[in-house]
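Engineer: Please read through the structure below; I'll follow up with questions.
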Amino acid sequence: MGFELNFDSNSVKSDVKKIDENKTYDVLVIGGGPAGLNSALYAKRNGLEVGIVAEKYGGQVLDTSSVENYLGYESIPGEDLVGVFREHVEKYDIPIKKESRLQKVEKKDDLFHLDLSDGSILKTSTIIIATGSKPRKLNVPGESEYLGKGVAYCAICDGPLFKDKEVVITGGGNSAVEAAIDLSKIASRVKLVQRSVLRAEKALVDKLTSKENVEIYLGTQIKEIYGDKLVRGIKVYDKEKDENYEIKADGVFVEIGYIPNNEPFKDLVKTLPSGEIEIDCSCRTNVDGIFAAGDVTTVPYKQISISSGEGAKAALSANAYINKLIK
Amino acid sequence: MALLNDEIRKNLTEVFSKMNKEVTLAVFTKEEDCESCKDTLDFMNEIEEVGEKIKVKSFDIEKEASKAEEFGVKMTPSIVLLDSDGKDHGIKFYGIPAGHEINSLITGIIEVSGSGEEMPDALRKRIDGINTPVDIKVFITLGCPHCPGAVAKAHKLAFENENIKAEMIEAQTFSEISDKYNVSGVPKIVINEEHDLVGNQPIEKFLETIENM
C-alpha cells in the first residue's frame, strides 16, 4: 500500500475569503476549473470585484492522473497542476464559494441574481460561465443499472477496486488511452473497445500498445452491459465481421468524451444541439453581461491550456463591458 | 522514517493552529493480521506532533475490547474523533486516511475542535429535524480526489446531529465489506444499509435521501 499523501492545504485552510451575500460583485465566475480560475485571476488583476462559485474546486483536471501537454510542465499529476493554479488564485484573496451548485439565474434591473443550492443568493453585474463538462454516457442498456457496480467514469478513483480483474475501457481519445495505460498497471487484463478508430496522440497509443496485458478492439460497438449483481461483461457488435459476441469484464470504464454542464443556463443563453454555449471570439454569449469560457462553450478542442486561455479572454471581455457601463 | 514531509508538517501546523478546542484521536489497532495498523498509528502520532491541541490515544481492539465496544469499533485500523470532553460524535475512519483522505481527516479534526464551517440556516434546520438513527458508510479509495468531500459531508452531518453516525471505509483494506456492499465505484455512500448514493453528492442530496427514508 502506498503511503503517499495528497495533502490539499487549500481545501482545509479556513482563511480562504468567503463570498459576501450583501455585496454586489462586478463579476461572478461559475466554475472552478482552469477556465474559471484563470478568469478570476484576470478579473481581479483588472481591478474587478470578483468571486468564484465552484461545485468542484479544481475541475476535471483533478481526475487526470498525469498532464504532459501543459507548457512548462513536462509531466505533472493533474491535482498538482490544479494545486498550483489554486495557490496562485488564492494569493489574490479572491472569495470562493465551494461545493455550491448554481440553481437559478434571474436578471433583476441591471443585476443578475444567482440562487445557490445552499439557499444563498448572490448579486453581480456580469457572469462568466466556466462550468466545464461531464463524462458522456454510452446510453446502452445496463449502463445506469450498473453505475457504481462496475460501470465507472473515473479511472484513477475506481481503478484500484479492479486489482487483478478484467476491465473494459471504451473510447478512442486521449482520456480513454490514458485510462487504459493506468489500468494496465492494476487490472489483470485491459480491453480497449472503440466503435471506430483511435484518435489519441501517437505518443500515448505507442505507450499503450507496448503493454502486454492490453487488447484493442476497433470498429467494435458496445450494445449492452450485462451482469448479475455486478458487471460481468459487455455485448458487442463487430462492424467489419458483422458479428455479435460477448467480452468478459468485471468493470467497464466509459471514456467517450464529455458533454457540457450547461444547466442552469440553457434557457438563458443560446446553446447548440451539442449542449455547448455559443460564444463569439470575445467569449460573449448572446446575452449582454454573460460570458462563457472553456469546455462548456463552442470553442473546439477541450484542453487545459485552451480553457485557461479562454478564461483570461472572458475576464478581459467582462472588464471591457463593465468599463463601458461605467462611462 | 517520517511519513509527513517538512512542507506538509508546516502546512498542517498552520491549519491546526486554528483549532478551537482539543481533539482526541482514539486509534484502534491489533497486533496480528493488520497490515496497515502500524502505519496508521505512526501516522496519527505524527499528526499529534504537528497539532498542539491534538492528542492520540491508542487502544488494542482485542485487549481493550470494552473501549472498542464503547465507541462501536468493529475493525482495525480505525480512528474515532473525540471532542475536548471525550465525547464521541459518531465520526469514524476505518482504514488509514492517507492519500487524498488526509483531507477528510483534517476537516474532521477541525470540525470536532469546534472550528468547522458555519452551516447556512436553511440546511441547519433540515439537519436538526432528523430524529431517527442514521448510519452512513462512505466507501473510498486513497487515490480518489473527490472522496474526501463525501466523507467530510457525512462526518459533518454526524457532528451536527446526535442521531447520525458516519464512517469512512477504505475499500481496499476492507475488501470483504466492500464486496458485501457491492462497491465498485467510489465514493459510495450507503445510508442505513439500504440506500445507496454514488459520487461526491451535495449535502442536500444526503438530506433528501435521509428525509425520504
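We name chains A, B, ... following the order of the C-alpha cells; residues begin at 1 in each chain, and ligands are numbered from 1 as shown.
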Using only C-alpha atoms, determine which residues of chain B fall within 7 Å of chain A; present them as a PyMOL selection string.

Structural biologist: chain B and resi 11+15+98-100+102-103+107+120+122-123+141+143-145+172+182-186+198

Engineer: Would you give me, as a ChimeraX atom specification, the residues in chain B that DSSP reads as strand (DSSP E or B)?

Structural biologist: /B:23-29,54-60,78-82,88-94,99,134-140,164-170,188-191,195-198

Engineer: Mind dumping the selected residues with C-alpha atoms as a tab-separated table (two decimals), in the first residue's frame?

Structural biologist:
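Everything below was put into selection34.tsv:
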chain	number	residue	atom	x	y	z
B	23	VAL	CA	-9.43	16.79	19.92
B	24	THR	CA	-8.50	13.21	20.79
B	25	LEU	CA	-7.81	10.66	18.10
B	26	ALA	CA	-8.75	7.26	19.53
B	27	VAL	CA	-6.78	4.83	17.39
B	28	PHE	CA	-7.68	1.13	17.44
B	29	THR	CA	-5.16	-1.42	16.23
B	54	ILE	CA	-4.36	17.04	19.16
B	55	LYS	CA	-3.92	14.04	21.45
B	56	VAL	CA	-3.62	10.41	20.38
B	57	LYS	CA	-4.90	7.55	22.49
B	58	SER	CA	-4.04	4.13	21.24
B	59	PHE	CA	-6.11	1.04	22.01
B	60	ASP	CA	-5.78	-2.63	21.19
B	78	SER	CA	-9.73	2.63	12.92
B	79	ILE	CA	-9.86	6.13	14.30
B	80	VAL	CA	-12.62	7.75	16.34
B	81	LEU	CA	-12.59	11.51	16.83
B	82	LEU	CA	-13.43	12.69	20.35
B	88	ASP	CA	-17.85	10.64	20.58
B	89	HIS	CA	-19.81	12.43	17.85
B	90	GLY	CA	-20.13	9.37	15.65
B	91	ILE	CA	-17.19	10.26	13.41
B	92	LYS	CA	-15.09	7.24	12.42
B	93	PHE	CA	-12.42	6.23	9.96
B	94	TYR	CA	-11.95	2.56	9.10
B	99	GLY	CA	-3.56	9.62	0.12
B	134	VAL	CA	-28.99	7.27	10.72
B	135	ASP	CA	-25.90	5.27	9.86
B	136	ILE	CA	-23.78	6.50	6.96
B	137	LYS	CA	-20.96	4.48	5.42
B	138	VAL	CA	-18.73	6.16	2.86
B	139	PHE	CA	-16.51	3.78	0.88
B	140	ILE	CA	-13.41	5.38	-0.61
B	164	ILE	CA	-26.34	10.45	12.82
B	165	LYS	CA	-23.20	8.31	12.75
B	166	ALA	CA	-20.81	8.39	9.83
B	167	GLU	CA	-17.83	6.25	8.94
B	168	MET	CA	-15.26	6.28	6.21
B	169	ILE	CA	-14.34	2.80	4.97
B	170	GLU	CA	-11.20	2.34	2.90
B	188	LYS	CA	-20.06	5.06	-2.50
B	189	ILE	CA	-22.39	6.20	0.24
B	190	VAL	CA	-24.63	3.67	1.99
B	191	ILE	CA	-27.26	5.06	4.34
B	195	HIS	CA	-29.93	3.46	0.43
B	196	ASP	CA	-27.03	3.88	-2.00
B	197	LEU	CA	-25.56	7.04	-3.44
B	198	VAL	CA	-22.57	7.03	-5.78

Engineer: Mind checking which residues fall within 7 Å of Ala150 of chain B, counting only C-alpha atoms, ignoring those fewer than 5 positions away in the same chain, and posting them as a list in words?

Structural biologist: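 Answer for this query is Pro187, Asn200 and Gln201 of chain B.
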
Engineer: Can you check which residues of segment 55-121 of chain B DSSP gives as helix (DSSP H, G or I) on the backbone and send them as a PyMOL selection string?

Structural biologist: chain B and resi 65-70+102-115+121

Engineer: Atom CA of Thr131 of chain A and atom CA of Glu106 of chain A, how far apart in Å?

Structural biologist: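 Interatomic distance, atom CA of Glu106 of chain A to atom CA of Thr131 of chain A: 17.6 Å.
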
Engineer: Have a look at B:Leu142, B:Ile127, B:Ile96, B:Leu105 and name the one nearest to Glu162 of chain B; count only C-alpha atoms.

Structural biologist: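 Looking only at the distances to Glu162 of chain B, the closest residue turns out to be B:Ile127.
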
Engineer: Can you tell me, as a PDB file with C-alpha atoms, in the first residue's frame, what residues are no more than 9 Å from Arg199 of chain A when counting only C-alpha atoms, ignoring any on the same chain fewer than 4 positions away?

Structural biologist:
ATOM      1  CA  GLY A 172     -10.579   6.174 -28.513  1.00  0.00           C
ATOM      2  CA  GLY A 173      -9.401   9.609 -27.421  1.00  0.00           C
ATOM      3  CA  ASN A 174      -6.578  10.667 -25.135  1.00  0.00           C
ATOM      4  CA  VAL A 205      -1.018   4.956 -28.429  1.00  0.00           C
TER       5      VAL A 205
END

Engineer: Of the candidates B:Val73, B:Leu4, B:Ile203, B:Ala68, which one gets nearest to Gly95 of chain B if we count only C-alpha atoms?

Structural biologist: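 Closest to Gly95 of chain B, using only C-alpha atoms: B:Val73.
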
Engineer: Would you mind listing what lies within 8 Å of Met19 of chain B as number ranges by chain, with only C-alpha atoms counted and same-chain residues fewer than 2 positions away left out?

Structural biologist: B: 15-17, 21-22, 53, 110, 113-115

Engineer: Report the distance between atom CA of Gln60 of chain A and atom CA of Ala179 of chain A in Å, rounded to one decimal place.

Structural biologist: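 Computed distance, atom CA of Gln60 of chain A to atom CA of Ala179 of chain A, equals 14.2 Å.
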
Engineer: Choose the residue, out of B:Thr132, B:Asn45, B:Ser104, B:Thr209, that has the smallest atom-to-atom separation from Cys147 of chain B; count only C-alpha atoms.

Structural biologist: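 Answer, going by the shortest atom-to-atom distance: B:Ser104.
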